[in-house]
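*Asks:* Input structure: protein.cif, which contains mmCIF, C-alpha atoms.
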data_query
#
loop_
_atom_site.label_atom_id
_atom_site.label_comp_id
_atom_site.auth_asym_id
_atom_site.auth_seq_id
_atom_site.Cartn_x
_atom_site.Cartn_y
_atom_site.Cartn_z
CA MET A 1 88.48 116.51 93.75
CA ASN A 2 86.07 113.61 93.32
CA LYS A 3 83.10 115.92 92.85
CA GLY A 4 85.10 118.02 90.40
CA PHE A 5 85.99 114.98 88.34
CA ARG A 6 82.36 113.92 88.22
CA LEU A 7 81.54 117.30 86.73
CA VAL A 8 84.33 116.91 84.20
CA VAL A 9 82.96 113.52 83.15
CA GLU A 10 79.44 114.85 82.82
CA ARG A 11 80.59 117.89 80.91
CA TYR A 12 83.00 116.32 78.43
CA SER A 13 82.09 112.65 78.06
CA THR A 14 79.58 113.10 75.24
CA ARG A 15 81.81 115.40 73.19
CA LEU A 16 84.80 113.15 73.68
CA TYR A 17 82.75 110.11 72.76
CA TRP A 18 81.78 111.58 69.40
CA HIS A 19 85.32 112.70 68.74
CA ILE A 20 86.58 109.19 69.43
CA ARG A 21 83.71 107.55 67.58
CA ARG A 22 84.41 109.46 64.37
CA LEU A 23 87.97 108.21 64.49
CA VAL A 24 87.42 104.57 65.46
CA ILE A 25 84.02 104.21 63.69
CA LEU A 26 82.80 101.26 65.81
CA HIS A 27 80.76 101.95 68.93
CA GLU A 28 82.44 99.21 70.96
CA ASP A 29 85.88 100.63 70.21
CA ALA A 30 84.73 104.14 71.04
CA ASP A 31 83.31 102.92 74.32
CA ASP A 32 86.60 101.30 75.30
CA ALA A 33 88.66 104.28 74.21
CA LEU A 34 86.45 106.72 76.10
CA GLN A 35 86.68 104.67 79.26
CA ASN A 36 90.46 104.56 78.92
CA THR A 37 90.50 108.29 78.29
CA PHE A 38 88.87 109.12 81.59
CA VAL A 39 90.83 106.52 83.53
CA SER A 40 94.01 108.06 82.16
CA ALA A 41 92.76 111.56 82.93
CA TRP A 42 91.85 110.52 86.47
CA ARG A 43 95.30 109.10 87.10
CA ASN A 44 96.93 112.28 85.88
CA ILE A 45 94.40 114.85 87.07
CA SER A 46 96.90 116.32 89.53
CA ASN A 47 98.86 117.68 86.55
CA PHE A 48 96.14 120.23 85.95
CA ARG A 49 96.39 123.79 87.07
CA SER A 50 93.94 125.73 84.90
CA GLU A 51 90.49 125.11 83.51
CA SER A 52 91.45 126.52 80.11
CA SER A 53 93.84 123.68 79.41
CA LEU A 54 91.48 120.94 80.60
CA TYR A 55 89.50 120.93 77.37
CA THR A 56 92.52 120.51 75.10
CA TRP A 57 94.19 118.11 77.52
CA LEU A 58 91.20 115.79 77.47
CA TYR A 59 91.00 115.94 73.70
CA ALA A 60 94.68 115.04 73.47
CA ILE A 61 94.18 112.01 75.71
CA ALA A 62 91.05 110.98 73.81
CA THR A 63 92.85 111.28 70.47
CA ASN A 64 95.71 109.10 71.70
CA GLU A 65 93.32 106.51 73.07
CA ALA A 66 91.41 106.48 69.80
CA LEU A 67 94.59 105.92 67.79
CA THR A 68 95.61 103.16 70.19
CA GLN A 69 92.23 101.52 69.67
CA ILE A 70 92.55 101.82 65.88
CA ASN A 71 96.00 100.22 65.98
CA LYS A 72 94.66 97.44 68.16
CA ARG A 73 91.76 96.84 65.81
CA THR A 74 93.85 96.86 62.63
CA ARG A 75 96.46 94.61 64.26
CA ASN A 76 93.90 92.08 65.41
CA SER A 77 91.93 92.04 62.18
CA ALA A 78 95.01 92.41 59.95
CA VAL A 79 93.46 95.31 58.03
CA SER A 80 95.94 97.36 56.02
CA ILE A 81 95.65 101.07 55.40
CA ASP A 82 94.66 100.39 51.80
CA ASP A 83 91.78 98.22 52.91
CA LEU A 84 90.33 100.72 55.35
CA GLY A 85 87.62 101.73 52.89
CA SER A 86 86.32 98.25 52.44
CA TRP A 87 86.75 97.54 56.14
CA PHE A 88 84.62 100.58 56.90
CA ALA A 89 81.96 99.46 54.45
CA ASN A 90 81.87 96.01 56.01
CA SER A 91 81.86 97.41 59.54
CA THR A 92 79.04 99.86 59.00
CA GLU A 93 76.93 97.83 56.62
CA GLY A 94 74.22 96.25 58.69
CA SER A 95 75.67 97.71 61.84
CA THR A 96 73.12 98.53 64.51
CA TRP A 97 74.94 101.70 65.42
CA PHE A 98 75.29 103.28 61.98
CA ASP A 99 72.30 104.99 60.46
CA GLY A 100 73.71 107.12 57.67
CA ASP A 101 72.34 107.47 54.18
CA GLU A 102 74.37 106.82 51.08
CA ALA A 103 75.95 110.29 51.16
CA GLN A 104 77.02 109.80 54.76
CA ILE A 105 78.49 106.41 54.02
CA LYS A 106 80.48 107.93 51.19
CA LEU A 107 81.67 110.78 53.39
CA GLN A 108 82.79 108.48 56.20
CA ASN A 109 84.43 106.23 53.65
CA ALA A 110 86.33 109.23 52.29
CA ILE A 111 87.35 110.48 55.74
CA ILE A 112 88.72 107.14 56.79
CA GLN A 113 90.98 107.08 53.75
CA LEU A 114 92.67 110.32 54.75
CA PRO A 115 96.12 110.19 56.35
CA GLU A 116 95.80 109.89 60.11
CA LYS A 117 96.77 113.47 60.95
CA GLN A 118 94.50 114.96 58.26
CA ARG A 119 91.63 112.82 59.45
CA ILE A 120 91.98 114.05 63.03
CA VAL A 121 92.32 117.67 61.92
CA PHE A 122 89.32 117.40 59.64
CA ASN A 123 87.14 115.89 62.36
CA LEU A 124 88.16 118.42 64.99
CA LYS A 125 87.48 121.33 62.66
CA TYR A 126 84.50 120.12 60.71
CA TYR A 127 82.52 118.42 63.48
CA ASP A 128 83.83 119.90 66.74
CA ASP A 129 84.47 123.37 65.31
CA MET A 130 87.67 123.55 67.35
CA THR A 131 89.87 126.60 66.87
CA TYR A 132 93.28 126.09 65.33
CA GLU A 133 94.85 127.44 68.51
CA ASP A 134 93.21 124.76 70.65
CA MET A 135 93.90 122.16 68.00
CA SER A 136 97.54 123.19 68.12
CA LYS A 137 97.61 122.33 71.85
CA VAL A 138 95.86 119.02 71.29
CA LEU A 139 98.05 117.82 68.44
CA LYS A 140 101.28 119.68 69.32
CA THR A 141 101.38 121.09 65.80
CA SER A 142 101.70 124.65 64.56
CA VAL A 143 98.57 126.53 63.55
CA GLY A 144 99.89 127.01 60.03
CA ALA A 145 100.49 123.32 59.56
CA LEU A 146 97.01 122.55 60.87
CA LYS A 147 95.39 124.98 58.45
CA ALA A 148 97.25 123.44 55.57
CA SER A 149 96.35 119.97 56.75
CA TYR A 150 92.66 120.83 56.96
CA HIS A 151 92.72 122.45 53.52
CA HIS A 152 94.25 119.32 51.99
CA ALA A 153 91.77 117.10 53.79
CA VAL A 154 88.78 119.03 52.50
CA LYS A 155 90.10 118.96 48.95
CA LYS A 156 90.69 115.21 49.12
CA ILE A 157 87.24 114.54 50.49
CA GLU A 158 85.55 116.71 47.87
CA LYS A 159 87.48 114.92 45.21
CA LEU A 160 86.54 111.51 46.56
CA LEU A 161 82.89 112.48 46.89
CA SER A 162 82.64 114.04 43.45
CA GLY A 163 84.36 111.09 41.86
CA ILE A 164 81.57 108.73 42.80
CA MET B 1 82.87 125.13 60.25
CA LYS B 2 81.19 124.05 57.06
CA ASN B 3 83.27 125.57 54.33
CA SER B 4 82.29 123.08 51.69
CA ASP B 5 78.82 122.62 50.25
CA LYS B 6 79.90 119.33 48.75
CA ILE B 7 80.36 117.69 52.14
CA PRO B 8 77.11 116.47 53.74
CA GLU B 9 76.26 117.43 57.29
CA GLY B 10 74.81 115.30 60.05
CA ASN B 11 75.86 112.47 62.32
CA PRO B 12 75.34 109.01 60.89
CA PHE B 13 76.46 107.24 64.04
CA LYS B 14 74.10 105.98 66.69
CA VAL B 15 74.49 104.80 70.25
CA PRO B 16 72.44 102.41 72.39
CA GLU B 17 69.56 103.90 74.34
CA ASN B 18 70.59 105.63 77.60
CA TYR B 19 74.18 104.97 76.65
CA PHE B 20 75.58 108.29 77.84
CA GLU B 21 73.92 108.08 81.27
CA GLU B 22 75.19 104.55 81.81
CA MET B 23 78.59 105.44 80.40
CA ASN B 24 79.00 108.29 82.88
CA SER B 25 78.11 105.95 85.74
CA ARG B 26 80.62 103.37 84.54
CA ILE B 27 83.35 105.97 84.20
CA ILE B 28 82.67 107.35 87.66
CA SER B 29 82.67 103.89 89.20
CA SER B 30 85.96 102.98 87.51
CA THR B 31 87.67 106.21 88.53
CA VAL B 32 86.32 108.22 91.45
CA GLU B 33 84.53 105.43 93.32
CA ASN B 34 87.30 102.95 92.65
CA GLN B 35 89.70 105.26 94.43
CA ASP B 36 88.07 104.56 97.80
CA GLY B 37 88.70 100.84 97.40
CA ASN B 38 92.28 101.52 96.43
CA LYS B 39 92.75 103.76 99.44
CA LYS B 40 91.51 101.07 101.81
CA GLN B 41 93.67 98.49 100.15
CA GLY B 42 96.59 100.88 100.27
CA PHE B 43 96.11 101.36 103.99
CA TYR B 44 96.34 97.66 104.67
CA VAL B 45 99.20 97.26 102.25
CA MET B 46 100.99 100.05 104.10
CA LEU B 47 100.35 98.37 107.46
CA ARG B 48 101.38 94.94 106.30
CA PRO B 49 105.13 95.22 107.14
CA PHE B 50 104.34 96.51 110.60
CA LEU B 51 101.83 93.73 111.18
CA ALA B 52 104.43 91.20 110.06
CA ILE B 53 107.01 92.64 112.47
CA ALA B 54 104.51 92.63 115.34
CA ALA B 55 103.55 89.03 114.60
CA SER B 56 107.23 88.00 114.48
CA VAL B 57 107.95 89.65 117.81
CA ALA B 58 104.93 87.96 119.38
CA VAL B 59 105.95 84.52 118.09
CA LEU B 60 109.54 85.08 119.25
CA ALA B 61 108.35 86.09 122.71
CA ILE B 62 106.12 83.03 123.02
CA LEU B 63 108.90 80.70 121.88
CA SER B 64 111.39 82.29 124.28
CA TYR B 65 109.03 82.01 127.22
CA THR B 66 108.21 78.40 126.38
CA GLY B 67 111.89 77.56 125.99
CA ILE B 68 112.78 79.08 129.35
CA LYS B 69 109.96 77.26 131.07
CA LEU B 70 110.85 73.92 129.51
CA PHE B 71 114.65 73.89 129.72
CA SER B 72 115.60 75.98 132.78
CA PRO B 73 116.28 73.99 136.10
CA ARG B 74 113.43 74.05 138.61
CA ASN B 75 114.03 76.55 141.35
CA GLU B 76 111.75 76.37 144.34
CA SER B 77 112.50 79.86 145.41
CA LEU B 78 111.03 81.02 142.14
CA SER B 79 107.71 79.50 143.06
CA LEU B 80 107.73 81.32 146.42
CA SER B 81 108.26 84.70 144.87
CA GLY B 82 104.62 85.59 144.95
CA ILE B 83 103.78 84.22 148.44
CA PRO B 84 103.91 86.51 151.53
CA VAL B 85 106.46 85.52 154.21
CA GLU B 86 103.84 85.20 156.94
CA GLU B 87 101.70 82.85 154.92
CA TYR B 88 104.67 80.68 154.01
CA SER B 89 105.90 80.48 157.63
CA GLU B 90 102.49 79.51 158.88
CA THR B 91 102.18 76.79 156.29
CA ILE B 92 105.55 75.34 157.18
CA LEU B 93 104.89 75.40 160.93
CA ASN B 94 101.59 73.60 160.45
CA GLU B 95 103.34 70.80 158.65
CA ILE B 96 105.98 70.26 161.39
CA ASP B 97 105.35 67.80 164.20
CA LEU B 98 106.88 69.61 167.21
CA LEU B 99 107.16 66.49 169.33
CA THR B 100 109.07 64.67 166.62
CA LEU B 101 111.29 67.71 166.23
CA GLU B 102 112.11 67.75 169.96
CA GLU B 103 112.95 64.05 170.03
CA ASN B 104 115.19 64.43 167.00
CA ALA B 105 116.86 67.42 168.59
CA VAL B 106 117.63 65.43 171.79
CA MET B 107 118.94 62.47 169.81
CA THR B 108 121.20 64.56 167.59
CA GLY B 109 122.46 66.73 170.48
CA MET B 110 121.41 70.06 169.12
CA PRO B 111 123.10 72.93 171.02
CA GLY B 112 119.90 74.70 171.92
CA LEU B 113 118.73 71.85 174.13
CA GLY B 114 121.90 71.58 176.35
CA PRO B 115 124.49 68.84 176.86
CA ILE B 116 123.56 65.17 177.35
CA ILE B 117 124.09 64.18 181.07
CA ASP B 118 124.50 60.65 182.20
CA LYS B 119 122.19 59.26 184.96
CA LYS B 120 125.21 58.22 187.11
CA ASP B 121 126.61 61.77 187.00
CA ILE B 122 123.28 63.12 188.18
CA ILE B 123 123.26 60.74 191.21
CA ASP B 124 126.85 61.73 192.08
CA TYR B 125 125.91 65.39 191.85
CA LEU B 126 122.89 64.93 194.10
CA LEU B 127 124.89 62.97 196.70
CA LEU B 128 127.42 65.78 196.81
CA GLU B 129 124.53 68.07 197.59
CA ASN B 130 123.72 65.84 200.61
CA ILE B 131 120.45 64.59 199.29
CA ASP B 132 119.30 61.29 200.63
CA ILE B 133 120.03 58.34 198.42
CA ASN B 134 116.60 56.85 199.00
CA GLU B 135 114.93 60.01 197.88
CA ILE B 136 117.11 60.07 194.78
CA GLN B 137 116.18 56.49 193.94
CA GLU B 138 112.50 57.38 194.25
CA GLN B 139 112.81 60.31 191.92
CA LEU B 140 114.79 58.44 189.24
#
Re-express the file's structure as structure tokens.
*Replies:*
Amino acid sequence: MNKGFRLVVERYSTRLYWHIRRLVILHEDADDALQNTFVSAWRNISNFRSESSLYTWLYAIATNEALTQINKRTRNSAVSIDDLGSWFANSTEGSTWFDGDEAQIKLQNAIIQLPEKQRIVFNLKYYDDMTYEDMSKVLKTSVGALKASYHHAVKKIEKLLSGI
Amino acid sequence: MKNSDKIPEGNPFKVPENYFEEMNSRIISSTVENQDGNKKQGFYVMLRPFLAIAASVAVLAILSYTGIKLFSPRNESLSLSGIPVEEYSETILNEIDLLTLEENAVMTGMPGLGPIIDKKDIIDYLLLENIDINEIQEQL
């Protein structure tokens, strides 16, 4: 089992890192959340029976760990949902681990202002190109609701980007 | 899935150099490799009650033995339990002065050495046997 888990780490760690990173923004938070993701997966690895569910199972754990990290960060820094945009600007401005141009900064600023569920759906679809069926297993939401959520997210982002 | 031309592509986030290699090593060490340490610890944790019981029994046995040795009355026969009978008899006989034992036996009238006979009775007995009185006087 140990060798198998090593392969799982090598195969999924990078993808999961980027998924987490897009949600938590800061590299340090993503690093912590990713570590917690695999520790949690390791402790519960015996629950697995099929390779097909491993991918969505790991994404579900990673998503939960990312949200936990966000809650921890906002609680510690007393950042409200309304201030997320400015918090993002402050966090990325001058950050060593953010190298986006102005358009990218605007996009990330728009994404972070989406409702939590829409933000996750947008990231999984837009960046990870995850199918709605797999996304449904990750988020325990119907495919129809996910499609609607993604549609709304895209419209909001386009509106935010075009308004600048 | 890029279904909007208005949304820019690309990844603006960066990571430290060699981050993913080091990250994988850290994850492995905190999960797979850490399990071995937990297993060893678990083994000793599992054994701990049995070790405690064994230690308690050992201490109880030592205290019981010490108590018996200290407070029980001395019994000589106990100390002879490991000595062969022949060796013991020989030791005892070597320590006895046979001459002293015979004298004591005569003085205390022990049955094995016969009755005590007076000198006068012996003379009367010898006279009855027609032995000459002069010869008797010489012998006594």
*Asks:* Any chance you could work out the residue set of the PyMOL selection byres ((chain B) within 7 of (chain A)) here, as a PyMOL selection string?
*Replies:* chain B and resi 1-2+6-8+12-15+20+24+27-28+31-32
*Asks:* Using all atoms listed in the file, determine which residues lie at most 7 Å from range 56-69 of chain A, disregarding the query and same-chain residues fewer than 6 positions distant; provide the list as an NGL selection string.
*Replies:* :A and (16 or 20 or 23-24 or 29 or 33-34 or 36-37 or 134 or 137-139)
*Asks:* Rounded to one decimal, what separation in Å do you get between CA of Ile133 in chain B and CA of Lys120 in chain B?
*Replies:*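 A separation of 12.4 Å between them.
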